[in-house]
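File shown: final.csv (CSV, C-alpha atoms).
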```
chain,number,residue,atom,x,y,z
X,40,MET,CA,-3.1,26.8,18.0
X,41,ARG,CA,-5.7,25.7,15.5
X,42,PHE,CA,-9.4,24.8,16.0
X,43,TYR,CA,-11.6,22.7,13.7
X,44,SER,CA,-15.3,22.0,13.8
X,45,LEU,CA,-17.2,18.9,12.6
X,46,VAL,CA,-20.7,20.4,12.8
X,47,GLY,CA,-22.8,19.5,9.8
X,48,ILE,CA,-21.5,16.0,9.2
X,49,THR,CA,-23.4,12.8,10.0
X,50,LEU,CA,-23.0,10.8,13.2
X,51,SER,CA,-20.5,8.4,11.7
X,52,LEU,CA,-17.9,9.5,14.3
X,53,LEU,CA,-19.9,7.6,17.0
X,54,SER,CA,-19.7,4.3,16.1
X,55,LEU,CA,-19.5,-17.0,-21.4
X,56,HIS,CA,-20.6,-16.0,-24.2
X,57,ILE,CA,-17.7,-17.0,-26.5
X,58,ALA,CA,-18.2,-13.7,-28.3
X,59,SER,CA,-17.1,-11.8,-25.2
X,60,ALA,CA,-14.1,-14.0,-24.4
X,61,PRO,CA,-11.1,-11.7,-24.2
X,62,VAL,CA,-7.8,-12.8,-25.5
X,63,PRO,CA,-5.7,-13.8,-22.5
X,64,PRO,CA,-2.7,-11.6,-21.8
X,65,ALA,CA,0.7,-13.2,-22.4
X,66,GLY,CA,1.9,-14.9,-19.3
X,67,MET,CA,-1.6,-15.2,-17.7
X,68,THR,CA,-1.4,-17.6,-14.7
X,69,GLN,CA,-3.8,-20.4,-14.1
X,70,HIS,CA,-5.3,-18.5,-11.1
X,71,GLU,CA,-5.8,-15.4,-13.2
X,72,ALA,CA,-7.4,-17.5,-16.0
X,73,MET,CA,-9.8,-19.1,-13.4
X,74,GLU,CA,-10.8,-15.7,-12.1
X,75,LEU,CA,-11.5,-14.4,-15.6
X,76,ALA,CA,-13.5,-17.5,-16.5
X,77,GLU,CA,-15.6,-17.2,-13.4
X,78,LYS,CA,-16.1,-13.5,-14.0
X,79,ASN,CA,-17.4,-14.2,-17.5
X,80,GLY,CA,-19.8,-16.9,-16.3
X,81,TRP,CA,-18.1,-20.0,-17.7
X,82,PHE,CA,-18.6,-22.0,-14.5
X,83,GLU,CA,-22.0,-23.2,-13.5
X,84,GLY,CA,-22.9,-25.5,-10.6
X,85,LEU,CA,-19.3,-25.4,-9.5
X,86,ASN,CA,-18.1,-23.6,-6.4
X,87,LEU,CA,-14.4,-23.0,-6.5
X,88,THR,CA,-14.1,-20.7,-3.5
X,89,GLY,CA,-16.0,-22.4,-0.7
X,90,THR,CA,-17.8,-20.0,1.7
X,91,GLY,CA,-16.4,-16.9,0.0
X,92,GLU,CA,-13.3,-15.2,-0.9
X,93,GLN,CA,-11.2,-13.8,1.9
X,94,LYS,CA,-8.9,-10.8,1.7
X,95,ALA,CA,-5.4,-11.1,3.1
X,96,SER,CA,-4.3,-8.4,5.6
X,97,SER,CA,-1.3,-7.8,7.8
X,98,LYS,CA,-3.0,-9.9,10.5
X,99,ASP,CA,-4.4,-12.9,8.5
X,100,VAL,CA,-2.3,-13.3,5.3
X,101,SER,CA,-0.8,-16.5,6.6
X,102,ALA,CA,-4.1,-17.9,7.8
X,103,PHE,CA,-5.6,-16.9,4.5
X,104,MET,CA,-3.1,-19.1,2.6
X,105,ASP,CA,-3.8,-22.0,4.9
X,106,ASN,CA,-7.5,-21.7,4.3
X,107,ALA,CA,-7.0,-21.5,0.6
X,108,LYS,CA,-5.1,-24.7,0.7
X,109,LYS,CA,-7.8,-26.4,2.6
X,110,GLN,CA,-10.5,-25.2,0.2
X,111,VAL,CA,-8.5,-26.5,-2.8
X,112,GLN,CA,-7.9,-29.9,-1.1
X,113,ALA,CA,-11.7,-30.1,-0.6
X,114,ILE,CA,-12.2,-30.2,-4.4
X,115,SER,CA,-12.2,-34.0,-4.7
X,116,LYS,CA,-14.5,-36.6,-6.1
X,117,SER,CA,-16.9,-36.1,-3.2
X,118,ALA,CA,-17.1,-32.4,-4.0
X,119,ILE,CA,-19.1,-33.1,-7.2
X,120,GLU,CA,-21.7,-35.2,-5.5
X,121,LEU,CA,-24.8,-33.1,-5.6
X,122,PRO,CA,-26.4,-32.2,-2.3
X,123,ASP,CA,-30.2,-32.0,-2.1
X,124,ALA,CA,-30.0,-28.2,-2.2
X,125,GLU,CA,-27.8,-28.1,-5.3
X,126,THR,CA,-28.8,-25.3,-7.7
X,127,ARG,CA,-30.1,-26.2,-11.0
X,128,PRO,CA,-29.0,-25.2,-14.5
X,129,GLY,CA,-30.5,-22.0,-15.7
X,130,SER,CA,-32.5,-23.6,-18.5
X,131,PRO,CA,-34.4,-27.0,-18.7
X,132,ILE,CA,-32.7,-27.9,-22.0
X,133,MET,CA,-28.9,-28.4,-22.0
X,134,MET,CA,-26.5,-29.5,-24.7
X,135,PHE,CA,-23.3,-31.4,-23.8
X,136,VAL,CA,-20.3,-31.6,-26.1
X,137,SER,CA,-16.6,-32.4,-26.1
X,138,LEU,CA,-13.6,-31.4,-28.1
X,139,SER,CA,-13.3,-35.1,-28.9
X,140,MET,CA,-16.1,-34.6,-31.4
X,141,PRO,CA,-15.1,-33.9,-35.1
X,142,ARG,CA,-14.7,-30.2,-35.8
X,143,ALA,CA,-17.7,-30.2,-38.2
X,144,SER,CA,-20.0,-31.9,-35.7
X,145,LEU,CA,-18.9,-29.5,-32.9
X,146,LYS,CA,-19.5,-26.5,-35.2
X,147,ASP,CA,-22.9,-27.8,-36.2
X,148,ALA,CA,-23.8,-28.3,-32.5
X,149,PHE,CA,-22.8,-24.7,-31.7
X,150,LYS,CA,-25.0,-23.4,-34.6
X,151,ASN,CA,-28.0,-25.3,-33.3
X,152,ALA,CA,-27.4,-24.2,-29.7
X,153,SER,CA,-26.9,-20.5,-30.6
X,154,SER,CA,-30.0,-20.4,-32.9
X,155,SER,CA,-32.2,-21.8,-30.1
X,156,GLY,CA,-30.5,-20.0,-27.1
X,157,THR,CA,-29.5,-23.3,-25.6
X,158,THR,CA,-26.5,-23.4,-23.2
X,159,VAL,CA,-23.6,-25.7,-24.2
X,160,TYR,CA,-21.6,-27.5,-21.5
X,161,ILE,CA,-18.1,-29.0,-21.6
X,162,ASN,CA,-16.7,-31.2,-18.8
X,163,GLY,CA,-13.2,-29.6,-18.5
X,164,MET,CA,-10.1,-28.4,-20.2
X,165,PHE,CA,-9.0,-30.3,-23.2
X,166,GLU,CA,-6.0,-32.6,-22.9
X,167,GLY,CA,-2.8,-30.6,-23.1
X,168,ASP,CA,-4.4,-27.3,-22.2
X,169,LYS,CA,-2.6,-25.6,-19.3
X,170,HIS,CA,-5.1,-22.8,-18.8
X,171,ILE,CA,-8.9,-22.6,-18.8
X,172,MET,CA,-8.5,-19.9,-21.3
X,173,ASP,CA,-6.7,-22.3,-23.7
X,174,THR,CA,-9.8,-24.4,-24.0
X,175,MET,CA,-12.1,-21.4,-24.2
X,176,MET,CA,-10.0,-20.0,-27.0
X,177,ARG,CA,-10.2,-23.3,-28.9
X,178,LEU,CA,-14.0,-23.0,-28.8
X,179,GLU,CA,-13.9,-19.3,-29.8
X,180,VAL,CA,-11.9,-20.2,-33.0
X,181,ILE,CA,-14.5,-22.8,-33.9
X,182,ALA,CA,-17.3,-20.3,-33.5
X,183,LYS,CA,-15.5,-17.3,-35.0
X,184,ASP,CA,-17.6,-17.2,-38.2
X,185,MET,CA,-20.9,-17.5,-36.5
X,186,THR,CA,-23.2,-14.4,-36.4
X,187,ILE,CA,-24.8,-15.5,-33.1
X,188,LYS,CA,-22.2,-17.0,-30.8
X,189,PRO,CA,-23.1,-20.0,-28.5
X,190,ASN,CA,-23.2,-19.7,-24.8
X,191,VAL,CA,-20.5,-22.2,-23.6
X,192,LYS,CA,-19.8,-23.0,-19.9
X,193,PHE,CA,-17.9,-25.5,-17.9
X,194,GLY,CA,-20.4,-27.8,-16.3
X,195,PRO,CA,-18.7,-30.8,-14.7
X,196,THR,CA,-21.5,-31.0,-12.1
X,197,TRP,CA,-24.1,-31.5,-14.8
X,198,PHE,CA,-22.0,-34.1,-16.6
X,199,LYS,CA,-21.9,-36.0,-13.3
X,200,LYS,CA,-25.5,-35.6,-12.5
X,201,TYR,CA,-26.8,-36.8,-15.9
X,202,ASN,CA,-24.1,-39.4,-16.4
X,203,ILE,CA,-23.0,-37.9,-19.7
X,204,GLN,CA,-20.2,-40.2,-21.0
X,205,ARG,CA,-20.8,-39.8,-24.8
X,206,VAL,CA,-21.6,-36.7,-26.8
X,207,PRO,CA,-23.3,-34.8,-28.3
X,208,ALA,CA,-26.2,-35.1,-25.8
X,209,LEU,CA,-29.3,-33.2,-25.1
X,210,VAL,CA,-30.9,-33.2,-21.7
X,211,TYR,CA,-34.3,-31.9,-20.6
X,212,ASP,CA,-34.9,-31.5,-16.8
X,213,ASN,CA,-37.9,-29.7,-15.4
X,214,GLU,CA,-37.7,-31.4,-12.0
X,215,LEU,CA,-40.7,-33.5,-12.9
X,216,LYS,CA,-39.0,-35.5,-15.6
X,217,GLN,CA,-35.5,-36.0,-17.1
X,218,ILE,CA,-35.2,-36.9,-20.8
X,219,VAL,CA,-31.8,-37.6,-22.5
X,220,MET,CA,-31.1,-37.9,-26.2
X,221,LYS,CA,-27.6,-38.6,-27.7
X,222,GLY,CA,-26.1,-38.2,-31.1
X,223,LEU,CA,-28.3,-35.3,-32.2
X,224,THR,CA,-28.2,-31.6,-31.6
X,225,GLN,CA,-31.3,-30.5,-33.5
X,226,ILE,CA,-33.3,-28.7,-30.8
X,227,SER,CA,-36.5,-28.6,-32.8
X,228,PHE,CA,-36.5,-32.4,-33.2
X,229,PHE,CA,-35.7,-32.8,-29.5
X,230,ARG,CA,-38.7,-30.5,-28.6
X,231,ASP,CA,-41.0,-32.7,-30.7
X,232,LYS,CA,-39.8,-35.8,-28.8
X,233,LEU,CA,-40.4,-33.9,-25.5
X,234,SER,CA,-44.0,-33.2,-26.4
X,235,GLU,CA,-44.5,-37.0,-26.9
X,236,THR,CA,-42.9,-38.0,-23.7
X,237,THR,CA,-44.6,-37.9,-20.3
X,238,LYS,CA,-42.0,-39.6,-18.1
X,239,SER,CA,-38.2,-39.6,-17.5
X,240,ILE,CA,-36.5,-41.7,-20.2
X,241,ASP,CA,-33.2,-42.1,-22.0
X,242,LEU,CA,-34.2,-41.9,-25.7
X,243,GLY,CA,-30.9,-43.5,-26.7
X,244,ASP,CA,-28.7,-42.7,-29.7
X,245,TYR,CA,-30.1,-40.8,-32.7
X,246,GLY,CA,-26.7,-40.5,-34.4
X,247,ALA,CA,-22.9,-40.9,-34.0
X,248,THR,CA,-21.6,-40.3,-30.5
X,249,PHE,CA,-18.1,-39.7,-29.2
X,250,PRO,CA,-16.5,-40.3,-25.8
X,251,VAL,CA,-16.0,-37.4,-23.4
X,252,GLU,CA,-12.3,-37.2,-23.4
X,253,GLU,CA,-12.0,-34.1,-21.1
X,254,GLU,CA,-11.6,-35.0,-17.4
X,255,SER,CA,-13.9,-33.2,-15.0
X,256,LEU,CA,-12.7,-29.6,-14.4
X,257,ILE,CA,-12.9,-30.3,-10.7
X,258,GLU,CA,-10.5,-33.2,-11.0
X,259,GLN,CA,-8.2,-31.2,-13.2
X,260,ILE,CA,-8.1,-28.4,-10.7
X,261,ARG,CA,-7.6,-30.8,-7.8
X,262,LYS,CA,-4.6,-32.5,-9.5
X,263,LEU,CA,-3.1,-29.1,-10.4
X,264,MET,CA,-3.4,-27.9,-6.9
X,265,GLU,CA,-1.9,-31.1,-5.4
X,266,LYS,CA,1.3,-30.3,-7.4
X,267,MET,CA,1.6,-26.8,-6.0
X,268,ASP,CA,4.2,-26.0,-3.3
X,269,TRP,CA,1.8,-24.4,-0.8
X,270,GLU,CA,4.5,-23.6,1.8
X,271,SER,CA,6.5,-21.6,-0.7
X,272,LYS,CA,3.4,-19.8,-1.9
X,273,LYS,CA,2.5,-19.0,1.6
X,274,GLN,CA,5.9,-17.7,2.3
X,275,ALA,CA,5.8,-15.7,-0.9
X,276,ALA,CA,2.5,-14.1,0.1
X,277,VAL,CA,3.9,-13.2,3.5
X,278,ASP,CA,7.1,-11.8,2.0
X,279,ASN,CA,5.4,-9.8,-0.7
X,280,PHE,CA,2.6,-8.3,1.4
X,281,TRP,CA,4.7,-5.3,2.5
X,282,LYS,CA,6.1,-4.7,-0.9
X,283,LYS,CA,2.6,-4.3,-2.4
X,284,ARG,CA,1.0,-2.4,0.5
X,285,ASN,CA,0.5,1.3,0.0
X,286,ASN,CA,1.7,3.3,3.0
X,287,THR,CA,-0.1,6.4,4.4
X,288,LEU,CA,2.8,8.8,5.0
X,289,LEU,CA,2.8,12.1,6.8
X,290,GLU,CA,5.1,15.1,6.6
X,291,THR,CA,7.2,16.3,9.4
X,292,THR,CA,7.1,19.7,11.0
X,293,LEU,CA,10.0,21.8,12.5
X,294,GLU,CA,7.9,23.4,15.3
X,295,ASP,CA,5.4,22.0,17.8
X,296,HIS,CA,1.8,22.6,17.0
X,297,THR,CA,-1.4,21.9,18.9
X,298,TYR,CA,-4.9,22.0,17.5
X,299,TYR,CA,-8.3,20.9,18.7
X,300,ILE,CA,-11.3,19.3,17.0
X,301,ASP,CA,-14.8,19.9,18.1
X,302,PRO,CA,-16.5,16.5,17.7
X,303,THR,CA,-20.0,18.0,17.9
X,304,VAL,CA,-22.1,16.6,15.1
X,305,LYS,CA,-25.4,17.6,13.6
X,306,ILE,CA,-27.8,14.7,13.2
X,307,GLN,CA,-29.2,14.5,9.6
X,308,LYS,CA,-32.1,12.2,10.3
X,309,ASP,CA,-33.6,10.5,13.4
X,310,ILE,CA,-31.5,7.8,15.0
X,311,ILE,CA,-33.7,4.9,16.2
X,312,ASN,CA,-32.4,1.7,17.7
X,313,LYS,CA,-33.9,-1.8,17.1
X,314,ALA,CA,-36.3,-1.3,20.1
X,315,GLY,CA,-37.8,1.8,18.5
X,316,VAL,CA,-36.2,4.1,21.0
X,317,VAL,CA,-35.2,7.5,19.5
X,318,LEU,CA,-31.6,8.2,20.3
X,319,GLY,CA,-31.4,11.5,18.4
X,320,ARG,CA,-33.6,13.8,16.5
X,321,ALA,CA,-32.8,15.3,13.1
X,322,GLY,CA,-31.3,18.8,13.5
X,323,GLN,CA,-30.1,18.0,17.0
X,324,THR,CA,-26.4,18.6,17.8
X,325,ILE,CA,-24.4,16.2,19.9
X,326,ASN,CA,-20.9,16.1,21.4
X,327,PRO,CA,-20.2,12.4,22.1
X,328,LEU,CA,-17.5,13.4,24.6
X,329,THR,CA,-19.8,15.3,26.9
X,330,SER,CA,-22.1,12.3,27.1
X,331,SER,CA,-19.2,10.0,27.8
X,332,PRO,CA,-17.2,11.8,30.6
X,333,GLY,CA,-15.0,8.7,31.1
X,334,ALA,CA,-13.9,8.5,27.4
X,335,TYR,CA,-10.2,7.9,26.8
X,336,LEU,CA,-8.1,8.2,23.7
X,337,GLY,CA,-4.4,8.0,23.4
X,338,MET,CA,-2.8,7.5,20.0
X,339,TYR,CA,0.9,7.9,19.1
X,340,ILE,CA,1.5,8.3,15.4
X,341,VAL,CA,5.1,7.8,14.2
X,342,ASN,CA,7.3,6.9,11.2
X,343,PRO,CA,9.3,4.0,12.5
X,344,LEU,CA,12.0,4.4,9.8
X,345,ASP,CA,13.0,7.8,11.4
X,346,PRO,CA,15.3,7.1,14.4
X,347,ARG,CA,14.4,10.5,15.9
X,348,GLN,CA,10.7,9.7,16.0
X,349,LEU,CA,11.3,6.3,17.7
X,350,LYS,CA,13.5,8.0,20.2
X,351,TRP,CA,10.6,10.4,21.0
X,352,LEU,CA,8.3,7.4,21.3
X,353,ASP,CA,10.8,5.6,23.6
X,354,SER,CA,10.4,8.4,26.1
X,355,TYR,CA,6.9,7.1,26.8
X,356,ILE,CA,8.0,3.5,27.6
X,357,GLY,CA,6.9,2.8,31.1
X,358,LYS,CA,4.4,5.6,31.0
X,359,PHE,CA,1.9,4.2,28.4
X,360,ASP,CA,-1.6,3.7,29.5
X,361,TYR,CA,-2.8,0.2,28.6
X,362,ARG,CA,-5.3,1.8,26.3
X,363,ASP,CA,-2.8,3.7,24.3
X,364,GLN,CA,-2.2,2.7,20.7
X,365,ILE,CA,0.9,3.1,18.6
X,366,ILE,CA,0.2,3.7,15.0
X,367,ILE,CA,2.9,3.6,12.3
X,368,THR,CA,3.0,5.2,8.9
X,369,GLN,CA,5.0,2.5,7.2
X,370,VAL,CA,7.0,-0.7,7.7
X,371,ASP,CA,10.4,-1.5,6.3
X,372,ASN,CA,9.2,-3.4,3.2
X,373,GLN,CA,12.5,-5.4,3.0
X,374,ARG,CA,12.1,-6.7,6.6
X,375,GLY,CA,8.3,-6.6,6.7
X,376,TRP,CA,7.1,-8.9,9.4
X,377,ASP,CA,10.4,-9.0,11.2
X,378,HIS,CA,10.3,-5.2,11.5
X,379,LEU,CA,6.8,-5.3,12.8
X,380,THR,CA,7.7,-7.9,15.4
X,381,GLU,CA,10.7,-5.8,16.5
X,382,LEU,CA,8.4,-2.9,17.2
X,383,ARG,CA,5.9,-5.0,19.1
X,384,ASN,CA,8.6,-6.4,21.3
X,385,ARG,CA,10.2,-2.9,21.8
X,386,TYR,CA,7.0,-1.4,23.0
X,387,GLN,CA,5.3,-4.5,24.4
X,388,ARG,CA,2.0,-3.9,22.6
X,389,ASN,CA,0.2,-4.3,19.3
X,390,ILE,CA,1.3,-2.0,16.5
X,391,TYR,CA,-1.3,-0.6,14.1
X,392,LEU,CA,-0.9,0.7,10.5
X,393,LEU,CA,-2.1,4.2,9.7
X,394,GLU,CA,-5.0,4.2,7.3
X,395,LYS,CA,-6.4,7.1,5.3
X,396,GLU,CA,-9.7,7.1,7.2
X,397,LEU,CA,-7.8,7.9,10.4
X,398,VAL,CA,-5.9,10.7,8.8
X,399,ALA,CA,-9.1,12.3,7.6
X,400,LYS,CA,-11.0,11.8,10.9
X,401,PHE,CA,-8.3,13.5,13.0
X,402,ALA,CA,-7.0,15.9,10.3
X,403,LEU,CA,-3.5,14.4,10.8
X,404,LYS,CA,-0.8,16.3,8.9
X,405,ALA,CA,2.5,15.4,10.6
X,406,ALA,CA,4.4,12.7,12.4
X,407,PRO,CA,5.2,12.3,15.1
X,408,SER,CA,1.8,13.3,16.6
X,409,ARG,CA,-0.2,12.4,19.7
X,410,VAL,CA,-4.0,12.3,19.8
X,411,SER,CA,-5.8,12.6,23.1
X,412,ILE,CA,-9.0,14.0,24.7
X,413,GLU,CA,-9.0,17.4,26.5
X,414,LYS,CA,-12.3,18.2,28.1
X,415,ALA,CA,-14.9,18.0,25.3
X,416,PHE,CA,-12.4,18.3,22.5
X,417,LEU,CA,-10.0,16.1,20.6
X,418,ARG,CA,-6.4,17.3,21.0
X,419,ILE,CA,-3.7,16.7,18.4
X,420,ASP,CA,-0.2,17.5,19.3
X,421,GLU,CA,2.4,17.7,16.4
X,422,ILE,CA,5.9,17.3,17.6
X,423,GLY,CA,8.5,19.5,15.9
X,424,MET,CA,11.6,17.9,14.6
X,425,ARG,CA,13.8,20.9,15.5
X,426,ASP,CA,14.2,19.7,19.0
X,427,LEU,CA,14.4,16.0,18.3
X,428,LYS,CA,17.8,14.5,18.0
```

How would this structure read if it were set down as structure tokens?
Amino acid sequence: MRFYSLVGITLSLLSLHIASAPVPPAGMTQHEAMELAEKNGWFEGLNLTGTGEQKASSKDVSAFMDNAKKQVQAISKSAIELPDAETRPGSPIMMFVSLSMPRASLKDAFKNASSSGTTVYINGMFEGDKHIMDTMMRLEVIAKDMTIKPNVKFGPTWFKKYNIQRVPALVYDNELKQIVMKGLTQISFFRDKLSETTKSIDLGDYGATFPVEEESLIEQIRKLMEKMDWESKKQAAVDNFWKKRNNTLLETTLEDHTYYIDPTVKIQKDIINKAGVVLGRAGQTINPLTSSPGAYLGMYIVNPLDPRQLKWLDSYIGKFDYRDQIIITQVDNQRGWDHLTELRNRYQRNIYLLEKELVAKFALKAAPSRVSIEKAFLRIDEIGMRDLK
């Protein structure tokens, strides 16, 4: 018999710059390229993930894929209409360009933008590009000889807002006035014009302009996603979940062992609830089991791939308390969800996966094990395999 103490722990038991654009690895998928582009700040005024990214788990991977599909379908023409609370570009002066411009003009625009710290926006991926990275690498090649690299981002929202159909174009927007000038990328000249202008105005063309040939990135993504076979991707996510999941395995033991854990904790600092009531003082020791005499805990930890352990667990069928939990160390990664369903049907209750946090909290070392409460202690019974057949 072994005895462990938790005294001394806390009370936790109770509760783009183009210069930085990396070369995309061979075989990078569109999804991976989008993630990389967003990480490097190439999107602005464009929300591709809706309310936030969700993490798939054993319980919600299917729902996650359904939600992802809905979010993508929501990227439509209406999605680029600016709501009243739409965020603004980071700087009042913006430069808009397109790969439809002659290379010399585009390079000149980049030089003017980088020397003045002006952000350059493009509307979407260039025709024929399959990945966002393809377009960004085109731009990097153009700027490779520049000492100061331009800050280039995808900005379909701003193209829409300022009705930019021909480029190059410079826009000034300080909320009080909007001034547009096309055909010129000289920031100093544009600033001179700004000082002479007191109201919103389109100053017209000051040089040659070219059509914006790139379709809005939002439309490009929407069309791309419409072609995707979501059902097959959902099934692939479900099928691959168990193959990628890391299991928390335990060893077996030949003999039975029983040990106890004293859940007494020493409070490190005062615990005060929202009403200002002090629940515990620093330095005070508390055993939560003595203050909750009706507390119940029943956990059965097994490796379901071991027939002997399942046979041991079968002996409790009809004897389980409704509060008992069955926790497994792994799932057959070839049968995955079918295996989990079989176990649920076999024991007529939810089946939980063993996590590292639980192993640490109860000092679990072997399976099968049973965790329960005995008086004011946590009791862990390890079942020896010698007598299991």

Could you tell me how far CA of Ile412 (chain X) sits from CA of Ile310 (chain X), in Å to one decimal place?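 Atom-to-atom, CA of Ile310 (chain X) and CA of Ile412 (chain X) are spaced 25.3 Å apart.
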
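Distance annotation: of X:Ser137, X:Arg385, X:Ala402, X:Lys169, the residue with the minimal separation from Gln259 (chain X) is X:Lys169; atom set is only C-alpha atoms.
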
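With CA of Asn389 (chain X) on one side and CA of Leu417 (chain X) on the other, the separation reads 22.8 Å.
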
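The interatomic distance for the pair CA of Glu253 (chain X) and CA of Pro195 (chain X) works out to 9.8 Å.
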
Would you pick out the contacts of Ile311 (chain X) at 12 Å or less, using all atoms listed in the file, so that residues sharing its chain but fewer than 6 positions from it are not included, and give the list as a count of residues only? 5

Could you give me, as a PyMOL selection string, the residues that have an atom at most 7 Å away from the point (-26.1, -15.9, -25.3) in the coordinates of the file, using only C-alpha atoms? chain X and resi 56+156+188-190

Using all atoms listed in the file, which residues sit within 12 Å of Gln225 (chain X) once same-chain residues fewer than 3 positions away are excluded, as a compact mmCIF listing (two decimals) with C-alpha atoms, in the frame of the given file?
```
# COMPACT_ATOMS: atom_id res chain seq x y z
CA ILE X 132 -32.70 -27.90 -22.00
CA MET X 133 -28.90 -28.40 -22.00
CA MET X 134 -26.50 -29.50 -24.70
CA SER X 144 -20.00 -31.90 -35.70
CA ASP X 147 -22.90 -27.80 -36.20
CA ALA X 148 -23.80 -28.30 -32.50
CA PHE X 149 -22.80 -24.70 -31.70
CA LYS X 150 -25.00 -23.40 -34.60
CA ASN X 151 -28.00 -25.30 -33.30
CA ALA X 152 -27.40 -24.20 -29.70
CA SER X 153 -26.90 -20.50 -30.60
CA SER X 154 -30.00 -20.40 -32.90
CA SER X 155 -32.20 -21.80 -30.10
CA THR X 157 -29.50 -23.30 -25.60
CA PRO X 207 -23.30 -34.80 -28.30
CA ALA X 208 -26.20 -35.10 -25.80
CA LEU X 209 -29.30 -33.20 -25.10
CA MET X 220 -31.10 -37.90 -26.20
CA LYS X 221 -27.60 -38.60 -27.70
CA GLY X 222 -26.10 -38.20 -31.10
CA PHE X 228 -36.50 -32.40 -33.20
CA PHE X 229 -35.70 -32.80 -29.50
CA ARG X 230 -38.70 -30.50 -28.60
CA ASP X 231 -41.00 -32.70 -30.70
CA LYS X 232 -39.80 -35.80 -28.80
CA TYR X 245 -30.10 -40.80 -32.70
CA GLY X 246 -26.70 -40.50 -34.40
```

Could you give me, as a JSON list (two decimals) with C-alpha atoms, keeping the file's coordinate frame, the residues that have an atom at most 12 Å away from the point (-17.2, -30.8, -16.3) in the coordinates of the file, using all atoms listed in the file?
```
[["chain", "number", "residue", "atom", "x", "y", "z"],
["X", 81, "TRP", "CA", -18.10, -20.00, -17.70],
["X", 82, "PHE", "CA", -18.60, -22.00, -14.50],
["X", 83, "GLU", "CA", -22.00, -23.20, -13.50],
["X", 84, "GLY", "CA", -22.90, -25.50, -10.60],
["X", 85, "LEU", "CA", -19.30, -25.40, -9.50],
["X", 119, "ILE", "CA", -19.10, -33.10, -7.20],
["X", 135, "PHE", "CA", -23.30, -31.40, -23.80],
["X", 136, "VAL", "CA", -20.30, -31.60, -26.10],
["X", 137, "SER", "CA", -16.60, -32.40, -26.10],
["X", 159, "VAL", "CA", -23.60, -25.70, -24.20],
["X", 160, "TYR", "CA", -21.60, -27.50, -21.50],
["X", 161, "ILE", "CA", -18.10, -29.00, -21.60],
["X", 162, "ASN", "CA", -16.70, -31.20, -18.80],
["X", 163, "GLY", "CA", -13.20, -29.60, -18.50],
["X", 164, "MET", "CA", -10.10, -28.40, -20.20],
["X", 165, "PHE", "CA", -9.00, -30.30, -23.20],
["X", 171, "ILE", "CA", -8.90, -22.60, -18.80],
["X", 191, "VAL", "CA", -20.50, -22.20, -23.60],
["X", 192, "LYS", "CA", -19.80, -23.00, -19.90],
["X", 193, "PHE", "CA", -17.90, -25.50, -17.90],
["X", 194, "GLY", "CA", -20.40, -27.80, -16.30],
["X", 195, "PRO", "CA", -18.70, -30.80, -14.70],
["X", 196, "THR", "CA", -21.50, -31.00, -12.10],
["X", 197, "TRP", "CA", -24.10, -31.50, -14.80],
["X", 198, "PHE", "CA", -22.00, -34.10, -16.60],
["X", 199, "LYS", "CA", -21.90, -36.00, -13.30],
["X", 200, "LYS", "CA", -25.50, -35.60, -12.50],
["X", 201, "TYR", "CA", -26.80, -36.80, -15.90],
["X", 202, "ASN", "CA", -24.10, -39.40, -16.40],
["X", 203, "ILE", "CA", -23.00, -37.90, -19.70],
["X", 204, "GLN", "CA", -20.20, -40.20, -21.00],
["X", 251, "VAL", "CA", -16.00, -37.40, -23.40],
["X", 252, "GLU", "CA", -12.30, -37.20, -23.40],
["X", 253, "GLU", "CA", -12.00, -34.10, -21.10],
["X", 254, "GLU", "CA", -11.60, -35.00, -17.40],
["X", 255, "SER", "CA", -13.90, -33.20, -15.00],
["X", 256, "LEU", "CA", -12.70, -29.60, -14.40],
["X", 257, "ILE", "CA", -12.90, -30.30, -10.70],
["X", 258, "GLU", "CA", -10.50, -33.20, -11.00],
["X", 259, "GLN", "CA", -8.20, -31.20, -13.20],
["X", 260, "ILE", "CA", -8.10, -28.40, -10.70]]
```

Go through X:Leu392, X:Val341, X:Ile366, X:Leu263 one by one, measure the shortest atom-to-atom distance of each to Glu421 (chain X) using only C-alpha atoms, and give the residue with the smallest value.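 Of all the options, X:Val341 lies closest to Glu421 (chain X).
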